[in-house]
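S.K.: You'll find query-v2.txt just under this line, and it carries compact mmCIF, C-alpha atoms and all ligand atoms.
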# COMPACT_ATOMS: atom_id res chain seq x y z
CA MET A 1 83.62 247.16 62.52
CA ARG A 2 80.35 248.89 62.11
CA ARG A 3 77.62 246.29 61.87
CA ARG A 4 76.18 248.02 58.82
CA ALA A 5 79.52 247.78 57.03
CA PHE A 6 79.78 244.09 57.71
CA LEU A 7 76.29 243.39 56.51
CA SER A 8 76.82 245.38 53.37
CA LEU A 9 79.99 243.41 52.81
CA LEU A 10 77.86 240.33 52.92
CA GLY A 11 75.59 241.97 50.41
CA GLY A 12 72.50 242.19 52.58
CA THR A 13 70.94 240.97 55.76
CA ALA A 14 70.32 237.33 54.89
CA LEU A 15 73.21 235.91 56.88
CA ALA A 16 73.77 235.95 60.59
CA TRP A 17 76.12 238.41 62.15
CA PRO A 18 79.09 236.23 63.18
CA ARG A 19 78.43 235.11 66.72
CA THR A 20 81.98 235.86 67.83
CA LEU A 21 81.80 239.51 66.81
CA GLU A 22 79.07 240.03 69.38
CA GLY A 23 80.56 241.09 72.66
CA LEU A 24 84.03 241.80 71.29
CA ALA A 25 83.99 245.39 72.45
CA ARG A 26 82.49 244.37 75.83
CA ASP A 27 85.18 241.74 76.41
CA PHE A 28 88.00 244.16 75.76
CA GLN A 29 86.57 247.30 77.31
CA VAL A 30 88.53 247.41 80.56
CA GLY A 31 92.09 246.52 81.47
CA GLY A 32 94.65 245.47 78.91
CA ASP A 33 97.89 246.74 80.41
CA ALA A 34 100.84 244.82 79.05
CA GLN A 35 100.84 242.50 82.09
CA ASP A 36 97.10 242.20 82.68
CA GLU A 37 97.00 238.41 82.33
CA ASP A 38 93.27 238.24 82.88
CA PHE A 39 92.70 240.49 79.87
CA TRP A 40 95.23 238.70 77.66
CA SER A 41 93.89 235.27 78.52
CA ARG A 42 90.49 236.52 77.27
CA VAL A 43 92.25 237.55 74.07
CA ARG A 44 93.85 234.11 73.80
CA GLY A 45 90.42 232.57 74.29
CA ARG A 46 89.34 234.18 71.02
CA PHE A 47 91.89 232.06 69.09
CA LEU A 48 91.67 228.44 68.03
CA ILE A 49 95.24 227.62 69.14
CA PRO A 50 95.19 224.50 71.37
CA PRO A 51 96.81 225.07 74.79
CA GLU A 52 99.54 222.53 74.15
CA ARG A 53 100.88 224.34 71.08
CA ILE A 54 103.38 227.21 71.39
CA TYR A 55 103.26 229.26 68.24
CA LEU A 56 106.24 231.59 67.91
CA ASN A 57 106.16 232.07 64.17
CA ASN A 58 103.72 234.89 63.58
CA GLY A 59 106.36 236.43 61.33
CA THR A 60 105.48 233.81 58.74
CA LEU A 61 101.73 233.57 59.23
CA GLY A 62 99.39 234.94 61.88
CA PRO A 63 96.77 232.49 63.17
CA SER A 64 93.40 234.16 62.65
CA PRO A 65 91.10 234.54 65.65
CA GLU A 66 87.81 232.68 65.46
CA VAL A 67 85.94 235.84 64.53
CA VAL A 68 87.93 236.05 61.31
CA VAL A 69 87.39 232.39 60.46
CA GLU A 70 83.64 232.88 61.00
CA ALA A 71 83.54 235.96 58.80
CA VAL A 72 85.26 234.05 55.99
CA ASN A 73 82.86 231.11 56.40
CA GLU A 74 79.81 233.36 56.48
CA HIS A 75 80.86 234.95 53.24
CA ALA A 76 81.60 231.61 51.59
CA ARG A 77 78.17 230.35 52.67
CA ARG A 78 76.56 233.42 51.22
CA VAL A 79 78.19 232.84 47.85
CA ALA A 80 77.29 229.12 47.91
CA SER A 81 73.71 230.10 48.72
CA THR A 82 73.69 232.02 45.42
CA TYR A 83 73.43 235.48 46.96
CA PRO A 84 75.50 237.95 44.98
CA PRO A 85 78.96 238.41 46.44
CA GLY A 86 78.98 241.77 48.10
CA VAL A 87 82.31 243.36 48.87
CA ASP A 88 81.65 247.00 49.52
CA TRP A 89 84.93 248.52 48.39
CA ASP A 90 84.34 251.80 50.16
CA ASP A 91 83.82 250.08 53.50
CA LEU A 92 86.81 247.83 52.94
CA LYS A 93 89.10 250.68 51.96
CA GLY A 94 87.77 252.93 54.70
CA SER A 95 88.31 250.37 57.41
CA VAL A 96 91.83 249.32 56.28
CA GLY A 97 92.83 252.90 55.41
CA ALA A 98 91.90 254.14 58.89
CA PHE A 99 93.79 251.23 60.45
CA ILE A 100 97.10 252.03 58.72
CA GLY A 101 96.57 255.80 58.52
CA ALA A 102 96.49 255.82 54.72
CA ASP A 103 94.29 257.54 52.16
CA PRO A 104 91.70 254.85 51.31
CA GLU A 105 91.82 255.90 47.65
CA GLY A 106 95.37 254.57 47.36
CA LEU A 107 94.53 251.02 48.48
CA VAL A 108 94.80 247.88 46.38
CA PHE A 109 94.12 244.32 47.60
CA PRO A 110 96.37 241.74 45.95
CA ARG A 111 96.98 238.36 47.60
CA ASN A 112 100.18 239.14 49.49
CA THR A 113 103.36 241.22 49.68
CA THR A 114 105.03 239.20 46.93
CA GLU A 115 102.23 240.03 44.51
CA ALA A 116 102.12 243.66 45.64
CA MET A 117 105.88 244.07 45.15
CA SER A 118 105.58 242.45 41.72
CA PHE A 119 102.85 244.93 40.76
CA VAL A 120 105.26 247.75 41.63
CA ALA A 121 108.40 246.33 40.03
CA GLN A 122 106.61 245.29 36.82
CA GLY A 123 104.58 248.47 36.63
CA LEU A 124 107.26 251.16 36.80
CA ASP A 125 108.85 252.70 33.72
CA LEU A 126 112.54 252.60 34.62
CA ASP A 127 115.27 254.41 32.67
CA PRO A 128 118.09 252.28 31.31
CA GLY A 129 121.11 252.75 33.53
CA GLY A 130 119.18 253.81 36.63
CA GLU A 131 119.84 251.38 39.47
CA ILE A 132 117.55 249.64 41.92
CA LEU A 133 119.04 249.67 45.41
CA THR A 134 118.14 247.21 48.15
CA SER A 135 119.63 245.60 51.27
CA ASP A 136 120.96 242.20 52.24
CA HIS A 137 118.01 241.71 54.62
CA GLU A 138 115.19 241.56 52.09
CA HIS A 139 112.80 238.65 51.88
CA ILE A 140 112.53 236.83 48.55
CA GLY A 141 109.02 238.26 48.25
CA GLY A 142 110.47 241.77 48.20
CA LEU A 143 113.64 240.93 46.29
CA CYS A 144 112.73 238.54 43.48
CA PRO A 145 110.29 240.94 41.78
CA TRP A 146 113.26 243.28 41.25
CA GLN A 147 115.50 240.44 40.11
CA VAL A 148 113.02 239.60 37.35
CA VAL A 149 112.73 243.17 36.14
CA CYS A 150 116.47 243.81 36.34
CA SER A 151 117.34 240.59 34.49
CA ARG A 152 114.79 241.22 31.79
CA ARG A 153 115.59 244.88 31.20
CA GLU A 154 119.30 244.66 32.01
CA LEU A 155 119.06 247.12 34.89
CA PRO A 156 121.56 247.15 37.75
CA LEU A 157 120.30 245.77 41.08
CA ARG A 158 122.70 246.77 43.85
CA VAL A 159 122.60 245.27 47.33
CA PHE A 160 124.13 247.01 50.35
CA SER A 161 124.72 245.58 53.84
CA LEU A 162 122.79 246.49 56.95
CA PRO A 163 124.60 246.27 60.31
CA VAL A 164 123.91 243.30 62.61
CA PRO A 165 122.82 244.08 65.21
CA ALA A 166 121.69 247.56 64.28
CA SER A 167 122.56 250.09 67.01
CA THR A 168 120.71 253.38 66.51
CA GLN A 169 118.23 254.98 64.12
CA GLU A 170 120.80 257.60 63.19
CA SER A 171 123.45 255.07 62.21
CA LEU A 172 120.90 253.09 60.20
CA LEU A 173 119.82 256.24 58.42
CA ASP A 174 123.47 257.00 57.62
CA THR A 175 124.03 253.47 56.31
CA ILE A 176 120.95 253.59 54.10
CA MET A 177 121.45 257.05 52.68
CA GLY A 178 125.23 256.44 52.39
CA ALA A 179 124.46 253.56 50.03
CA VAL A 180 122.41 255.75 47.69
CA SER A 181 124.26 256.86 44.54
CA GLU A 182 123.63 259.31 41.72
CA GLU A 183 122.26 256.39 39.68
CA THR A 184 119.73 255.22 42.28
CA ARG A 185 116.21 255.45 40.88
CA VAL A 186 114.44 253.08 43.27
CA LEU A 187 115.18 252.28 46.90
CA SER A 188 113.37 249.12 47.97
CA LEU A 189 113.54 248.23 51.67
CA SER A 190 111.65 246.40 54.39
CA HIS A 191 110.01 248.54 57.04
CA VAL A 192 110.70 245.72 59.51
CA THR A 193 113.29 243.19 58.36
CA PHE A 194 112.26 239.52 58.47
CA THR A 195 115.81 238.52 59.41
CA THR A 196 116.28 240.32 62.74
CA GLY A 197 112.97 242.15 63.21
CA THR A 198 114.72 245.52 62.90
CA ARG A 199 112.51 248.51 62.26
CA LEU A 200 114.25 250.71 59.70
CA PRO A 201 113.78 254.50 59.96
CA LEU A 202 111.96 254.71 56.64
CA GLU A 203 109.85 257.69 57.69
CA GLU A 204 113.06 259.79 57.56
CA VAL A 205 114.33 257.97 54.48
CA ALA A 206 111.09 258.85 52.65
CA GLU A 207 111.73 262.55 53.03
CA LEU A 208 115.33 262.28 51.82
CA CYS A 209 114.23 260.16 48.84
CA ARG A 210 111.62 262.72 47.90
CA GLU A 211 114.27 265.47 47.92
CA ARG A 212 116.45 263.40 45.58
CA GLY A 213 113.71 262.15 43.27
CA ILE A 214 114.20 258.51 44.33
CA ILE A 215 111.18 256.21 44.37
CA LEU A 216 110.81 254.57 47.80
CA VAL A 217 109.22 251.11 47.73
CA VAL A 218 108.50 249.70 51.17
CA ASP A 219 108.09 246.02 51.86
CA GLY A 220 105.79 246.44 54.85
CA ALA A 221 104.88 242.78 55.25
CA HIS A 222 105.12 242.96 59.06
CA PRO A 223 104.09 246.31 60.59
CA PRO A 224 100.28 246.41 60.10
CA GLY A 225 98.82 244.83 63.24
CA MET A 226 102.16 244.86 65.05
CA VAL A 227 102.72 248.60 65.40
CA LYS A 228 100.52 251.62 64.92
CA LEU A 229 100.98 253.12 61.47
CA ASP A 230 100.32 256.54 60.02
CA LEU A 231 101.37 256.24 56.39
CA ALA A 232 99.88 259.62 55.53
CA SER A 233 102.46 261.35 57.72
CA TRP A 234 105.40 260.15 55.58
CA ASP A 235 103.67 259.04 52.40
CA PRO A 236 105.99 256.44 50.84
CA ASP A 237 105.58 255.98 47.08
CA PHE A 238 104.55 252.35 47.63
CA TYR A 239 103.81 250.26 50.72
CA ALA A 240 103.25 246.51 50.24
CA SER A 241 101.97 244.28 53.01
CA SER A 242 100.60 240.92 54.13
CA PRO A 243 97.75 241.36 56.62
CA HIS A 244 97.76 237.56 57.06
CA LYS A 245 100.78 238.10 59.30
CA TRP A 246 100.41 240.49 62.28
CA LEU A 247 96.96 241.74 61.34
CA LEU A 248 95.75 238.12 61.71
CA ALA A 249 93.66 238.23 58.53
CA PRO A 250 92.99 235.16 56.34
CA GLN A 251 95.78 233.75 54.18
CA GLY A 252 95.98 235.58 50.89
CA SER A 253 94.94 239.01 52.18
CA GLY A 254 97.50 241.33 50.65
CA LEU A 255 97.69 245.08 50.63
CA LEU A 256 99.34 247.66 48.44
CA TYR A 257 99.25 251.39 49.07
CA LEU A 258 100.01 253.63 46.09
CA GLY A 259 101.13 257.22 46.63
CA ASP A 260 99.02 259.79 44.83
CA GLU A 261 101.18 260.21 41.74
CA TRP A 262 101.34 256.45 41.06
CA ARG A 263 97.60 255.80 41.08
CA SER A 264 97.31 256.99 37.51
CA ASN A 265 100.91 256.37 36.41
CA LEU A 266 101.79 252.78 37.31
CA TRP A 267 101.30 250.14 34.60
CA PRO A 268 98.95 247.32 35.62
CA THR A 269 100.51 243.86 35.70
CA LEU A 270 97.17 242.05 35.84
CA ALA A 271 94.83 243.86 33.49
CA SER A 272 91.09 243.84 33.21
CA GLY A 273 88.33 246.32 32.40
CA GLY A 274 89.29 249.92 33.08
CA TRP A 275 93.03 249.21 33.21
CA ASP A 276 93.69 252.32 31.10
CA ASP A 277 91.08 254.56 32.71
CA ARG A 278 93.42 256.72 34.73
CA GLU A 279 90.52 258.44 36.42
CA LEU A 280 89.87 255.21 38.28
CA GLY A 281 93.19 255.77 40.08
CA ALA A 282 94.34 252.88 42.28
CA GLN A 283 91.02 251.07 41.77
CA ARG A 284 92.36 250.01 38.33
CA PHE A 285 94.58 247.59 40.23
CA ASN A 286 91.65 246.03 42.06
CA HIS A 287 90.19 244.71 38.81
CA LEU A 288 91.82 241.31 39.11
CA GLY A 289 89.20 239.02 37.63
CA THR A 290 87.17 236.68 39.85
CA PHE A 291 88.80 236.11 43.20
CA ASP A 292 87.98 234.96 46.70
CA GLU A 293 86.10 237.82 48.30
CA SER A 294 85.61 235.94 51.54
CA ARG A 295 89.15 236.92 52.48
CA MET A 296 88.00 240.54 52.32
CA ALA A 297 85.24 239.77 54.81
CA GLY A 298 87.94 238.18 56.96
CA LEU A 299 90.24 241.17 56.56
CA ILE A 300 87.55 243.56 57.76
CA ALA A 301 86.79 241.30 60.72
CA ALA A 302 90.51 241.18 61.57
CA VAL A 303 90.71 244.97 61.58
CA GLU A 304 87.61 245.04 63.77
CA PHE A 305 89.16 242.51 66.15
CA LEU A 306 92.38 244.49 66.61
CA ASN A 307 90.46 247.76 66.88
CA ALA A 308 88.34 246.27 69.65
CA ILE A 309 91.53 245.47 71.58
CA GLY A 310 93.20 248.73 70.52
CA MET A 311 96.58 249.10 68.84
CA ASP A 312 98.07 250.82 71.91
CA ARG A 313 97.38 247.71 73.94
CA VAL A 314 98.58 245.44 71.13
CA GLU A 315 101.87 247.31 70.84
CA GLY A 316 102.35 247.27 74.61
CA ARG A 317 101.74 243.54 74.88
CA VAL A 318 103.98 242.67 71.92
CA ARG A 319 106.74 244.80 73.46
CA TYR A 320 106.32 243.17 76.89
CA LEU A 321 106.49 239.62 75.52
CA ARG A 322 109.47 240.44 73.32
CA GLN A 323 111.33 242.04 76.23
CA ARG A 324 110.67 238.97 78.38
CA LEU A 325 111.93 236.68 75.64
CA GLU A 326 114.92 238.81 74.85
CA ALA A 327 115.98 239.22 78.49
CA GLY A 328 115.90 235.44 78.86
CA LEU A 329 117.95 234.92 75.71
CA ARG A 330 120.51 237.57 76.58
CA GLY A 331 120.95 235.99 80.00
CA MET A 332 121.98 232.64 78.50
CA PRO A 333 125.69 232.08 77.92
CA GLY A 334 126.34 230.92 74.35
CA VAL A 335 123.35 232.73 72.90
CA ARG A 336 124.11 235.54 70.43
CA VAL A 337 121.12 237.82 69.87
CA VAL A 338 121.29 239.59 66.50
CA SER A 339 118.15 241.72 66.92
CA PRO A 340 118.55 245.30 68.12
CA VAL A 341 118.43 246.35 71.78
CA GLU A 342 117.14 249.89 71.16
CA GLU A 343 113.39 250.10 71.74
CA ASP A 344 112.75 252.22 68.65
CA LEU A 345 114.40 249.58 66.44
CA ALA A 346 113.15 246.43 68.19
CA THR A 347 109.87 244.74 67.21
CA GLY A 348 107.99 241.51 67.89
CA MET A 349 110.66 239.30 66.32
CA VAL A 350 113.91 238.25 68.01
CA SER A 351 116.64 236.34 66.17
CA PHE A 352 119.65 234.60 67.67
CA SER A 353 122.08 231.75 67.34
CA LEU A 354 123.13 229.23 69.93
CA ASP A 355 126.83 228.33 69.96
CA GLY A 356 127.56 224.96 68.41
CA VAL A 357 123.92 224.24 67.56
CA ASP A 358 122.55 224.20 64.02
CA SER A 359 119.36 226.28 64.07
CA LEU A 360 117.54 223.90 61.70
CA ILE A 361 118.23 220.95 63.97
CA LEU A 362 117.18 223.04 66.97
CA GLN A 363 113.96 223.96 65.17
CA ARG A 364 113.13 220.31 64.53
CA HIS A 365 113.89 219.45 68.15
CA LEU A 366 111.57 222.19 69.50
CA ALA A 367 108.77 221.18 67.15
CA ARG A 368 109.01 217.45 67.92
CA SER A 369 109.65 217.60 71.64
CA ALA A 370 107.28 220.40 72.64
CA ALA A 371 105.14 221.56 69.67
CA VAL A 372 106.98 224.88 69.53
CA ARG A 373 106.77 226.52 66.08
CA THR A 374 109.71 228.72 65.09
CA ARG A 375 111.36 230.06 61.94
CA VAL A 376 114.97 229.65 60.89
CA ILE A 377 116.49 232.42 58.79
CA SER A 378 118.55 230.32 56.41
CA GLU A 379 118.45 233.02 53.76
CA TYR A 380 121.80 234.67 52.93
CA GLU A 381 123.29 231.78 55.00
CA TYR A 382 122.53 233.69 58.22
CA GLY A 383 121.43 230.54 60.04
CA TRP A 384 119.59 232.34 62.87
CA MET A 385 116.56 231.14 64.77
CA ARG A 386 113.72 233.70 64.86
CA LEU A 387 110.98 233.78 67.47
CA SER A 388 107.94 236.04 67.11
CA THR A 389 105.54 236.94 69.90
CA HIS A 390 102.03 238.28 69.34
CA ILE A 391 98.95 238.99 71.43
CA TYR A 392 97.81 235.36 71.69
CA ASN A 393 101.07 234.29 73.31
CA LEU A 394 101.19 233.95 77.08
CA PRO A 395 104.22 234.68 79.27
CA GLY A 396 104.28 231.01 80.31
CA GLU A 397 104.81 230.04 76.67
CA VAL A 398 107.77 232.38 76.37
CA ASP A 399 109.21 230.96 79.59
CA ARG A 400 108.70 227.39 78.37
CA ALA A 401 110.51 228.14 75.12
CA LEU A 402 113.37 229.68 77.11
CA GLU A 403 113.55 226.61 79.38
CA LEU A 404 113.75 224.33 76.35
CA LEU A 405 116.52 226.43 74.83
CA ASP A 406 118.40 226.48 78.11
CA ASP A 407 118.13 222.74 78.30
CA VAL A 408 119.63 222.37 74.82
CA ARG A 409 122.37 224.83 75.72
CA ARG A 410 123.30 222.84 78.84
CA ASN A 411 122.75 219.29 77.66
CA GLY A 412 122.94 219.44 73.88
CA LEU A 413 120.45 217.87 71.53
CA SER A 414 119.65 214.33 72.52
C1 LIG B 501 109.65 241.10 54.92
C2 LIG B 501 108.83 240.13 54.12
N1 LIG B 501 108.49 240.46 52.87
C3 LIG B 501 107.73 239.65 52.10
C4 LIG B 501 107.29 238.46 52.58
C5 LIG B 501 106.44 237.60 51.71
O1 LIG B 501 105.13 237.62 52.18
P1 LIG B 501 103.98 236.86 51.37
O2 LIG B 501 104.37 235.43 51.35
O3 LIG B 501 102.77 237.13 52.17
O4 LIG B 501 103.97 237.45 50.01
C6 LIG B 501 107.61 238.05 53.87
C7 LIG B 501 107.15 236.77 54.41
O5 LIG B 501 107.54 236.27 55.41
C8 LIG B 501 108.42 238.92 54.67
O6 LIG B 501 108.78 238.58 55.90
What would you get if you wrote out this structure as structure tokens?

M.R.:
Amino acid sequence: MRRRAFLSLLGGTALAWPRTLEGLARDFQVGGDAQDEDFWSRVRGRFLIPPERIYLNNGTLGPSPEVVVEAVNEHARRVASTYPPGVDWDDLKGSVGAFIGADPEGLVFPRNTTEAMSFVAQGLDLDPGGEILTSDHEHIGGLCPWQVVCSRRELPLRVFSLPVPASTQESLLDTIMGAVSEETRVLSLSHVTFTTGTRLPLEEVAELCRERGIILVVDGAHPPGMVKLDLASWDPDFYASSPHKWLLAPQGSGLLYLGDEWRSNLWPTLASGGWDDRELGAQRFNHLGTFDESRMAGLIAAVEFLNAIGMDRVEGRVRYLRQRLEAGLRGMPGVRVVSPVEEDLATGMVSFSLDGVDSLILQRHLARSAAVRTRVISEYEYGWMRLSTHIYNLPGEVDRALELLDDVRRNGLS
């Protein structure tokens, strides 16, 4: 981040530039190939994760690097020192907009994906009879907002099935568009599913939806910070996200992108001054009453951190770690991987089941015996274990997790 932007975010020059931001660019200038362990151990050194902990649950919450924690603290200190809080919305929007390739004017900053999806579901005028279409791989944060609206207004909510594992982009596109009917008014889908980490071809879906007048609502909780994004190139109607996952921002840093036509046409769910001033566009939705602006300082620092590393390198490293993990899992008899094999569908999350072993019991075993943090996808009764790998993970951690799983596979859970 530009130093000036950060200082203006802090509302002036009274507070120190966070120590950890100094030297970021220098540290990450050279190297950074997917297997450059020297580079990636420097990255790991920027996190607060103790060496004995193996964190494989970024899909739930990304641990912020120290630079982000410092930015949050600096801002909180500023407020407690009675300086005026100083979020510079233009800097914030500019920095996040450039990071996800979106028009900064369409950006709103709620607390998380759940809130962002609720803003969309509650704010649309929906015709009676028109259906909302979604899949059987949606997270409650992307699904429940529709359940509320559909129950209250007696609208049909139809759920179609996605294949497991998904095989190709083309077949996924056929499945998705094959589920659309004449009555479909809204198609609400995850860009990357939380269940199997499958990347859905929503860029293509967006174009087909536009042709048919269907509103495309994307639950993009995972992609920012995991893969490079260019929202402007496919311009979904809505894109909701949680930068506290892969972008490694502070908890409660949400994001909602509104396509051009919705900036003046969506109804606000949380209303304050200017709610009906359509000329304010998406900024109407940023008038949320008093809230914790220090998370905005943290969000900008998180963008700065990932920019200093570079999203090409981030993507390469996430891919390398996932491939290592997946190869190990696929090589183990009794393990059924439900995540896709195809590179253009696979992401930083791999889900699987182990024959004869309850994933929840396995999760407890890994946590207690070796401080390995995982996620179990109990939703929809899938019962899979999900492991996520991000830039702070080291190959040795992936190997250790594989060894532990292999031990359970051979010897059972003692
Ligand atoms: C795909 C997806 N959507 C929505 C959410 C909810 O995110 P949040 O709790 O940040 O609202 C999650 C959380 O894991 C998710 O994986």

S.K.: As a quick test: using only C-alpha atoms and all ligand atoms, which residues lie no more than 8 Å away from ligand LIG 501 (chain B)? Give them as a PyMOL selection string.

M.R.: chain A and resi 59-61+111-116+138-142+190-195+219-222+241-245+252+254

S.K.: List every protein, DNA or RNA residue that has an atom no more than 12 Å from (115.1, 260.3, 51.4) in the file's coordinate frame, counting all atoms listed in the file, and report them as number ranges by chain.

M.R.: A: 173-174, 176-181, 184-188, 201-217, 234-237

S.K.: Quick one, how far is CA of Leu126 in chain A from CA of Ala271 in chain A?

M.R.: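 Distance reported for this atom pair: 19.8 Å.
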
S.K.: Kindly indicate which residue among A:Ala327, A:Val350, A:Val159, A:Val148 lies nearest to Thr198 in chain A, using all atoms listed in the file for the distances.

M.R.: A:Val350

S.K.: If you measure from CA of Ile309 in chain A to CA of Phe28 in chain A, what distance in Å do you get, rounded to one decimal?

M.R.: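 If I compute the distance from CA of Ile309 in chain A to CA of Phe28 in chain A, I get 5.6 Å.
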
S.K.: Using CA of Phe352 in chain A and CA of Glu381 in chain A as the two end points, give the distance in Å to one decimal.

M.R.: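 Straight-line distance from CA of Phe352 in chain A to CA of Glu381 in chain A works out to 13.5 Å.
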
S.K.: Pull the neighbourhood of (98.3, 221.5, 69.9) for me: all residues within 12 Å in file coordinates, counting all atoms listed in the file, as a PyMOL selection string.

M.R.: chain A and resi 48-55+367-368+370-373

S.K.: Near Pro163 in chain A, counting all atoms listed in the file, which residues have an atom at most 12 Å away, once you skip same-chain residues fewer than 2 positions from it, shown as a VMD selection string?

M.R.: chain A and resid 135 to 137 160 to 161 165 to 169 171 to 176 193 195 to 196 198 200 338 to 340

S.K.: Those residues you just picked out, can you put them in a file as a compact mmCIF listing (two decimals), keeping the file's coordinate frame with C-alpha atoms?

M.R.:
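Saved file selection_26.txt follows:
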# COMPACT_ATOMS: atom_id res chain seq x y z
CA SER A 135 119.63 245.60 51.27
CA ASP A 136 120.96 242.20 52.24
CA HIS A 137 118.01 241.71 54.62
CA PHE A 160 124.13 247.01 50.35
CA SER A 161 124.72 245.58 53.84
CA PRO A 165 122.82 244.08 65.21
CA ALA A 166 121.69 247.56 64.28
CA SER A 167 122.56 250.09 67.01
CA THR A 168 120.71 253.38 66.51
CA GLN A 169 118.23 254.98 64.12
CA SER A 171 123.45 255.07 62.21
CA LEU A 172 120.90 253.09 60.20
CA LEU A 173 119.82 256.24 58.42
CA ASP A 174 123.47 257.00 57.62
CA THR A 175 124.03 253.47 56.31
CA ILE A 176 120.95 253.59 54.10
CA THR A 193 113.29 243.19 58.36
CA THR A 195 115.81 238.52 59.41
CA THR A 196 116.28 240.32 62.74
CA THR A 198 114.72 245.52 62.90
CA LEU A 200 114.25 250.71 59.70
CA VAL A 338 121.29 239.59 66.50
CA SER A 339 118.15 241.72 66.92
CA PRO A 340 118.55 245.30 68.12

S.K.: Counting only C-alpha atoms, which of A:Ala102, A:Leu107, A:Leu231, A:Val120 gets nearest to Leu266 in chain A?

M.R.: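 Closest to Leu266 in chain A of all the choices is A:Val120.
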
S.K.: Considering all atoms listed in the file, can you say which of A:Asp88, A:Glu326, A:Asp355, A:Asp103 comes closest to Val341 in chain A?

M.R.: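 Closest residue, counting all atoms listed in the file: A:Glu326.
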
S.K.: Looking at all atoms listed in the file, which of A:Thr347, A:Asn286, A:Ser414, A:Thr269 is the one that sits closest to Arg199 in chain A?

M.R.: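 Smallest separation from Arg199 in chain A among the options: A:Thr347.
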
S.K.: Considering all atoms listed in the file, return as a PyMOL selection string whatever protein or nucleic-acid residues lie within 9 Å of Arg278 in chain A, sequence-local ones (same chain, fewer than 6 positions apart) excluded.

M.R.: chain A and resi 263-265+284

S.K.: For a quick check of understanding, using all atoms listed in the file, which of A:Gly129, A:Gly225, A:Gly31, A:Gly62 has the smallest distance to Asn307 in chain A?

M.R.: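 Looking only at the distances to Asn307 in chain A, the closest residue turns out to be A:Gly225.
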
S.K.: Write out as a ChimeraX atom specification each polymer residue whose atoms come within 12 Å of Val69 in chain A, counting all atoms listed in the file; drop sequence neighbours fewer than 5 positions from it.

M.R.: /A:18-21,46-48,63-64,74-76,248-251,294-302,305

S.K.: Could you give me, as a list in words, the residues within 10 Å of Gly274 in chain A, counting only C-alpha atoms and dropping anything in the same chain fewer than 6 positions from it?

M.R.: Leu280, Gly281, Gln283, Arg284, Phe285 and His287 of chain A

S.K.: With a distance cut-off of 9 Å and only C-alpha atoms, select the neighbouring residues of Leu360 in chain A, excluding the residue or stretch itself and same-chain residues fewer than 2 positions from it, and output the selection as a ChimeraX atom specification.

M.R.: /A:357-358,362-365,375-376,378,383-385
